[in-house]
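Shown next: model07.txt, given as compact mmCIF, C-alpha atoms and all ligand atoms.
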# COMPACT_ATOMS: atom_id res chain seq x y z
CA MET A 1 -21.35 1.04 18.69
CA LYS A 2 -20.65 -0.74 15.43
CA LYS A 3 -18.69 0.71 12.54
CA LEU A 4 -19.47 0.22 8.88
CA ILE A 5 -16.49 0.13 6.51
CA LEU A 6 -17.37 0.72 2.86
CA PHE A 7 -14.69 -0.38 0.43
CA ASP A 8 -14.34 0.81 -3.13
CA ILE A 9 -13.07 -1.94 -5.45
CA ASP A 10 -11.02 -0.69 -8.41
CA GLY A 11 -7.74 0.96 -7.43
CA THR A 12 -8.46 0.26 -3.75
CA LEU A 13 -8.75 -3.54 -3.39
CA ILE A 14 -8.04 -4.69 -6.94
CA ASP A 15 -6.13 -3.54 -10.00
CA THR A 16 -7.84 -5.23 -12.97
CA HIS A 17 -5.13 -3.91 -15.30
CA GLY A 18 -7.75 -2.34 -17.57
CA ALA A 19 -9.96 -5.43 -17.92
CA GLY A 20 -13.05 -3.45 -16.89
CA LEU A 21 -12.42 -0.43 -19.08
CA PHE A 22 -11.69 -2.65 -22.07
CA ALA A 23 -14.90 -4.62 -21.44
CA LEU A 24 -16.79 -1.33 -21.51
CA LYS A 25 -15.21 -0.44 -24.85
CA GLN A 26 -15.84 -3.93 -26.23
CA ALA A 27 -19.49 -3.85 -25.17
CA THR A 28 -19.91 -0.41 -26.75
CA GLU A 29 -18.41 -1.53 -30.03
CA GLU A 30 -20.33 -4.80 -30.13
CA MET A 31 -23.67 -3.20 -29.36
CA PHE A 32 -23.38 -0.05 -31.46
CA GLN A 33 -20.86 -1.17 -34.09
CA LYS A 34 -19.01 2.10 -33.57
CA LYS A 35 -15.72 3.09 -32.03
CA ALA A 36 -16.13 3.65 -28.31
CA PRO A 37 -15.84 7.20 -26.93
CA SER A 38 -13.37 8.06 -24.19
CA PHE A 39 -14.50 7.26 -20.66
CA ASP A 40 -13.97 9.16 -17.42
CA ILE A 41 -13.78 5.99 -15.35
CA HIS A 42 -12.13 7.04 -12.09
CA GLY A 43 -14.70 6.77 -9.33
CA ASN A 44 -17.55 6.98 -11.83
CA THR A 45 -20.49 4.59 -11.73
CA ASP A 46 -20.98 2.01 -14.46
CA SER A 47 -24.55 3.18 -14.99
CA ALA A 48 -23.32 6.76 -15.61
CA LEU A 49 -20.69 5.44 -18.04
CA VAL A 50 -23.29 3.43 -19.97
CA THR A 51 -25.61 6.45 -20.14
CA HIS A 52 -22.63 8.42 -21.46
CA VAL A 53 -22.31 5.90 -24.30
CA PHE A 54 -25.98 6.16 -25.27
CA GLN A 55 -25.85 9.96 -25.13
CA HIS A 56 -22.60 10.05 -27.11
CA TYR A 57 -24.34 8.33 -30.01
CA GLY A 58 -27.67 10.15 -29.47
CA ILE A 59 -29.45 6.83 -28.97
CA ALA A 60 -32.48 6.57 -26.67
CA GLN A 61 -31.82 4.42 -23.61
CA ASP A 62 -34.42 2.32 -21.86
CA ALA A 63 -34.42 -0.53 -19.35
CA GLU A 64 -34.19 -3.18 -22.06
CA THR A 65 -31.27 -1.67 -23.99
CA THR A 66 -29.50 -0.88 -20.72
CA GLU A 67 -29.77 -4.51 -19.63
CA GLU A 68 -28.59 -5.65 -23.06
CA PHE A 69 -25.48 -3.48 -22.66
CA TYR A 70 -24.88 -4.68 -19.09
CA SER A 71 -25.11 -8.29 -20.12
CA ILE A 72 -22.60 -7.89 -22.98
CA TYR A 73 -20.28 -5.93 -20.66
CA LEU A 74 -20.43 -8.58 -17.92
CA LYS A 75 -19.56 -11.38 -20.35
CA LYS A 76 -16.60 -9.39 -21.71
CA LEU A 77 -15.48 -8.54 -18.18
CA GLN A 78 -15.41 -12.18 -17.14
CA THR A 79 -13.56 -13.17 -20.33
CA ASN A 80 -10.99 -10.40 -19.84
CA LEU A 81 -10.38 -11.28 -16.20
CA ASN A 82 -9.77 -14.89 -17.21
CA SER A 83 -7.43 -13.89 -20.03
CA ASP A 84 -3.65 -13.86 -19.73
CA ASP A 85 -3.70 -10.47 -21.46
CA TYR A 86 -4.77 -8.84 -18.20
CA LYS A 87 -2.37 -9.20 -15.34
CA GLY A 88 -4.83 -7.99 -12.75
CA LYS A 89 -4.01 -8.39 -9.10
CA LEU A 90 -5.22 -7.95 -5.61
CA LEU A 91 -3.51 -4.89 -4.18
CA GLU A 92 -0.90 -5.14 -1.45
CA GLY A 93 -2.13 -5.60 2.10
CA VAL A 94 -5.76 -6.21 1.17
CA ILE A 95 -5.99 -9.73 2.56
CA ASP A 96 -4.13 -8.79 5.75
CA LEU A 97 -6.46 -5.87 6.42
CA LEU A 98 -9.67 -7.74 5.57
CA GLU A 99 -8.63 -10.75 7.66
CA SER A 100 -7.76 -8.52 10.61
CA LEU A 101 -11.23 -6.93 10.52
CA ARG A 102 -13.36 -9.85 9.36
CA TYR A 103 -14.30 -11.45 12.69
CA ARG A 104 -14.62 -8.31 14.79
CA GLU A 105 -18.11 -7.90 16.16
CA ASP A 106 -17.81 -4.12 16.22
CA ILE A 107 -17.01 -3.84 12.50
CA GLU A 108 -19.04 -4.65 9.41
CA LEU A 109 -17.30 -4.89 6.04
CA SER A 110 -19.22 -3.81 2.97
CA LEU A 111 -18.78 -2.37 -0.52
CA LEU A 112 -19.52 1.03 -2.00
CA THR A 113 -18.50 0.90 -5.62
CA GLY A 114 -19.37 2.28 -9.01
CA ASN A 115 -19.35 -1.27 -10.39
CA LEU A 116 -22.64 -2.89 -11.28
CA ALA A 117 -23.57 -5.32 -8.51
CA ARG A 118 -22.94 -8.23 -10.88
CA GLY A 119 -19.65 -6.69 -12.05
CA ALA A 120 -18.48 -6.23 -8.46
CA ASP A 121 -19.35 -9.86 -7.78
CA VAL A 122 -17.36 -11.03 -10.82
CA LYS A 123 -14.31 -8.98 -9.80
CA ILE A 124 -14.19 -9.87 -6.10
CA LYS A 125 -14.80 -13.55 -6.75
CA HIS A 126 -12.15 -13.64 -9.48
CA HIS A 127 -9.65 -12.21 -7.01
CA LYS A 128 -10.89 -14.48 -4.20
CA ILE A 129 -12.14 -11.83 -1.80
CA GLY A 130 -15.85 -12.53 -2.29
CA GLN A 131 -16.06 -14.15 1.15
CA TYR A 132 -15.46 -10.80 2.88
CA PHE A 133 -18.47 -9.01 1.40
CA SER A 134 -22.12 -10.03 1.33
CA PHE A 135 -23.79 -6.69 0.62
CA GLY A 136 -23.10 -3.16 -0.52
CA ALA A 137 -24.19 -0.24 -2.71
CA PHE A 138 -23.42 -0.47 -6.42
CA GLY A 139 -23.28 1.49 -9.64
CA ASP A 140 -26.65 0.21 -10.80
CA ASP A 141 -28.33 1.42 -7.60
CA HIS A 142 -27.77 5.02 -8.74
CA TYR A 143 -25.79 6.81 -11.46
CA ASP A 144 -24.53 9.40 -8.95
CA ARG A 145 -21.93 7.99 -6.58
CA ASN A 146 -22.88 10.57 -3.94
CA SER A 147 -26.30 8.92 -3.74
CA LEU A 148 -24.79 5.52 -2.92
CA GLY A 149 -23.84 6.38 0.69
CA PRO A 150 -27.40 6.42 2.09
CA ILE A 151 -28.18 3.26 0.07
CA ALA A 152 -25.11 1.55 1.59
CA LEU A 153 -26.30 2.42 5.11
CA LYS A 154 -29.80 1.07 4.41
CA ARG A 155 -28.43 -2.15 2.90
CA ALA A 156 -26.16 -2.66 5.90
CA GLU A 157 -29.10 -2.24 8.28
CA LEU A 158 -31.25 -4.62 6.23
CA ALA A 159 -28.48 -7.23 6.20
CA THR A 160 -27.45 -6.98 9.85
CA GLY A 161 -30.38 -5.41 11.68
CA TYR A 162 -28.06 -2.73 13.08
CA PRO A 163 -28.89 0.93 12.37
CA PHE A 164 -25.50 2.19 11.18
CA LYS A 165 -24.92 5.94 11.37
CA ALA A 166 -22.91 8.02 8.90
CA GLU A 167 -20.61 9.24 11.68
CA ASP A 168 -19.67 5.62 12.47
CA THR A 169 -18.98 4.84 8.81
CA ILE A 170 -15.69 4.98 6.92
CA ILE A 171 -15.30 4.95 3.14
CA VAL A 172 -12.05 3.50 1.79
CA GLY A 173 -11.32 4.60 -1.78
CA ASP A 174 -8.76 5.83 -4.27
CA THR A 175 -10.38 8.75 -6.11
CA ILE A 176 -11.68 12.26 -5.56
CA ARG A 177 -15.18 10.87 -6.11
CA ASP A 178 -14.76 8.54 -3.10
CA ILE A 179 -13.83 11.55 -0.97
CA ASP A 180 -16.77 13.58 -2.30
CA CYS A 181 -19.08 10.64 -1.65
CA ALA A 182 -17.89 10.45 1.98
CA LYS A 183 -18.38 14.18 2.47
CA SER A 184 -21.84 13.94 0.96
CA LEU A 185 -22.74 11.14 3.38
CA GLY A 186 -21.07 12.85 6.35
CA CYS A 187 -18.64 10.02 7.09
CA ARG A 188 -14.87 9.77 7.32
CA VAL A 189 -12.71 8.65 4.44
CA LEU A 190 -9.45 6.75 4.15
CA ALA A 191 -7.89 7.42 0.76
CA VAL A 192 -5.24 5.24 -0.83
CA ALA A 193 -2.97 6.28 -3.69
CA THR A 194 -3.05 2.93 -5.51
CA GLY A 195 -5.35 4.28 -8.21
CA ALA A 196 -4.73 7.20 -10.54
CA VAL A 197 -4.66 9.98 -7.93
CA SER A 198 -1.55 11.09 -6.04
CA MET A 199 -1.30 11.25 -2.25
CA ASP A 200 -0.93 15.04 -2.43
CA HIS A 201 -4.08 15.40 -4.50
CA LEU A 202 -6.05 13.11 -2.18
CA LYS A 203 -4.81 15.10 0.82
CA ALA A 204 -5.73 18.40 -0.82
CA GLN A 205 -9.22 17.08 -1.44
CA GLY A 206 -9.72 16.61 2.30
CA ALA A 207 -9.41 12.88 2.96
CA ASP A 208 -9.18 12.19 6.71
CA LEU A 209 -6.20 9.90 6.16
CA VAL A 210 -4.17 9.26 3.00
CA LEU A 211 -1.97 6.18 2.67
CA SER A 212 0.19 5.12 -0.25
CA SER A 213 -1.74 1.83 -0.23
CA ILE A 214 -3.71 -0.53 1.96
CA GLY A 215 -0.30 -2.19 2.28
CA ASP A 216 0.30 0.42 5.01
CA THR A 217 -1.96 -1.96 6.88
CA LEU A 218 -1.00 -0.92 10.37
CA TYR A 219 -2.15 2.64 9.83
CA ALA A 220 -5.27 1.57 7.94
CA TYR A 221 -6.16 -0.80 10.79
CA LYS A 222 -5.58 1.87 13.44
CA PHE A 223 -7.68 4.44 11.56
CA ILE A 224 -10.54 2.01 11.02
CA THR A 225 -10.65 0.50 14.51
CA GLY A 226 -9.48 3.53 16.49
CA GLU A 227 -7.20 1.16 18.40
CA ASP A 228 -3.63 1.66 19.35
CA ILE A 229 -1.15 0.24 16.86
CA ASP A 230 0.40 -1.96 19.55
CA ALA A 231 -2.87 -3.88 19.84
CA CYS A 232 -2.72 -5.00 16.19
CA GLY A 233 -2.20 -8.56 15.08
CA THR A 234 1.20 -9.82 14.15
CA ASN A 235 0.34 -10.23 10.47
CA ILE A 236 -0.14 -6.49 10.05
CA SER A 237 2.65 -4.88 8.05
CA THR A 238 4.51 -1.76 9.05
CA PRO A 239 4.05 1.31 6.89
CA GLU A 240 7.17 2.36 5.06
CA ASP A 241 6.72 5.98 4.21
CA ILE A 242 4.88 7.63 7.07
MG MG A 301 -11.70 3.18 -7.31
Once you've parsed the file, please lay out its structure as structure tokens.
Amino acid sequence: MKKLILFDIDGTLIDTHGAGLFALKQATEEMFQKKAPSFDIHGNTDSALVTHVFQHYGIAQDAETTEEFYSIYLKKLQTNLNSDDYKGKLLEGVIDLLESLRYREDIELSLLTGNLARGADVKIKHHKIGQYFSFGAFGDDHYDRNSLGPIALKRAELATGYPFKAEDTIIVGDTIRDIDCAKSLGCRVLAVATGAVSMDHLKAQGADLVLSSIGDTLYAYKFITGEDIDACGTNISTPEDI
């Protein structure tokens, strides 16, 4: 039996320090020449956020204008990530956890994120974790994050030839929407409090395991693999507050 691990990006693997949100505002203002509205970004999909912009201004949205917005957004995102104004970072423990799982034949690493596929690519490559992920489900596959789970399973099967099941899948994320998405798919969820949601809130929402961060790598590894902690590699850090 193989397991599929679906990682969220923002607040879970990477903190872009607002580079993505600001790119969204910049794209809005450049395209519509109006002040951007407020955005409910946490766990939302980029396609839903862009539709929110069009609806906010009462402007009809079609494939062409959507692509125009995406392309402005992606340019701004890349510029912001490269700028010294954004002190984005890879979150603690991410490399240790990904390295410890990367070569296991019983585990497939993938993404389930609200980012556009091209935006996800920009972010993970900027933070040098692109080599861990070759497929996933993204915010331009569907506006509703809860619809991304089945897409992620299909993509994983297409990429690997293995028919992954929801019960052998784990979502790793930082928001209530990640937990809802896991429940909708029927898989387990590891929640980390490195985004905007507290551990208590994530627990109350029914995450199967809540950690302060992926930096509690030992517990994340044990939850994902189902193996005893003692079997973990030596580069796995010890959790501090469990
Ligand atoms: Mg997130």
Would you list the residues that come within 10 Å of ligand MG 301 (chain A)? Count all atoms listed in the file and give the answer as a PyMOL selection string. chain A and resi 7-15+41-45+112-115+172-178+191-197
For Met31 in chain A, which of A:Phe164, A:Tyr132, A:Tyr221, A:Phe69 is the closest residue, counting all atoms listed in the file?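 Counting all atoms listed in the file, the residue closest to Met31 in chain A is A:Phe69.
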Near Leu21 in chain A, within 10 Å and counting all atoms listed in the file, which residues show up once chain neighbours fewer than 6 positions away are dropped, as a ChimeraX atom specification? /A:27,38-41,73,77
Those same residues - C-alpha atoms - I'd like them written as a PDB file, in the coordinates of the input.
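Result file is again-v4.pdb:
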ATOM      1  CA  ALA A  27     -19.490  -3.850 -25.170  1.00  0.00           C
ATOM      2  CA  SER A  38     -13.370   8.060 -24.190  1.00  0.00           C
ATOM      3  CA  PHE A  39     -14.500   7.260 -20.660  1.00  0.00           C
ATOM      4  CA  ASP A  40     -13.970   9.160 -17.420  1.00  0.00           C
ATOM      5  CA  ILE A  41     -13.780   5.990 -15.350  1.00  0.00           C
ATOM      6  CA  TYR A  73     -20.280  -5.930 -20.660  1.00  0.00           C
ATOM      7  CA  LEU A  77     -15.480  -8.540 -18.180  1.00  0.00           C
TER       8      LEU A  77
END
Nearest candidate to Gly136 in chain A (options A:Thr160, A:Gln26, A:Ser184, A:Ser212; using only C-alpha atoms): A:Thr160
Taking only C-alpha atoms into account, which of A:Asp228, A:Asp84, A:Glu105, A:Glu167 comes nearest Ala19 in chain A?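 Counting only C-alpha atoms, the residue closest to Ala19 in chain A is A:Asp84.
Among the candidates A:Tyr162, A:Asp180, A:Lys3, A:Arg102, the residue lying nearest to Ile129 in chain A is A:Arg102 (atoms considered: only C-alpha atoms).
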May I have the residues within 12 Å of Asp85 in chain A as a ChimeraX atom specification, using all atoms listed in the file and disregarding those fewer than 4 positions away in the same chain? /A:16-19,22,79-81
Selection near Leu185 in chain A, 12 Å with only C-alpha atoms, sequence-local residues under 2 positions removed, as a ChimeraX atom specification: /A:6,112,145-153,165-171,178-183,187-189
Tell me, in Å to one decimal, how far CA of Thr28 in chain A is from CA of Ile72 in chain A. 8.8 Å
Here is a test: counting all atoms listed in the file, which residue of A:Gly88, A:Gly58, A:Gly93, A:Gly20 is nearest to Leu218 in chain A?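 Looking at the shortest contact to Leu218 in chain A, the residue is A:Gly93.
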Pick from A:Glu30, A:Leu116, A:Leu98, A:Ala23: nearest to Ser47 in chain A, with only C-alpha atoms counted? A:Leu116
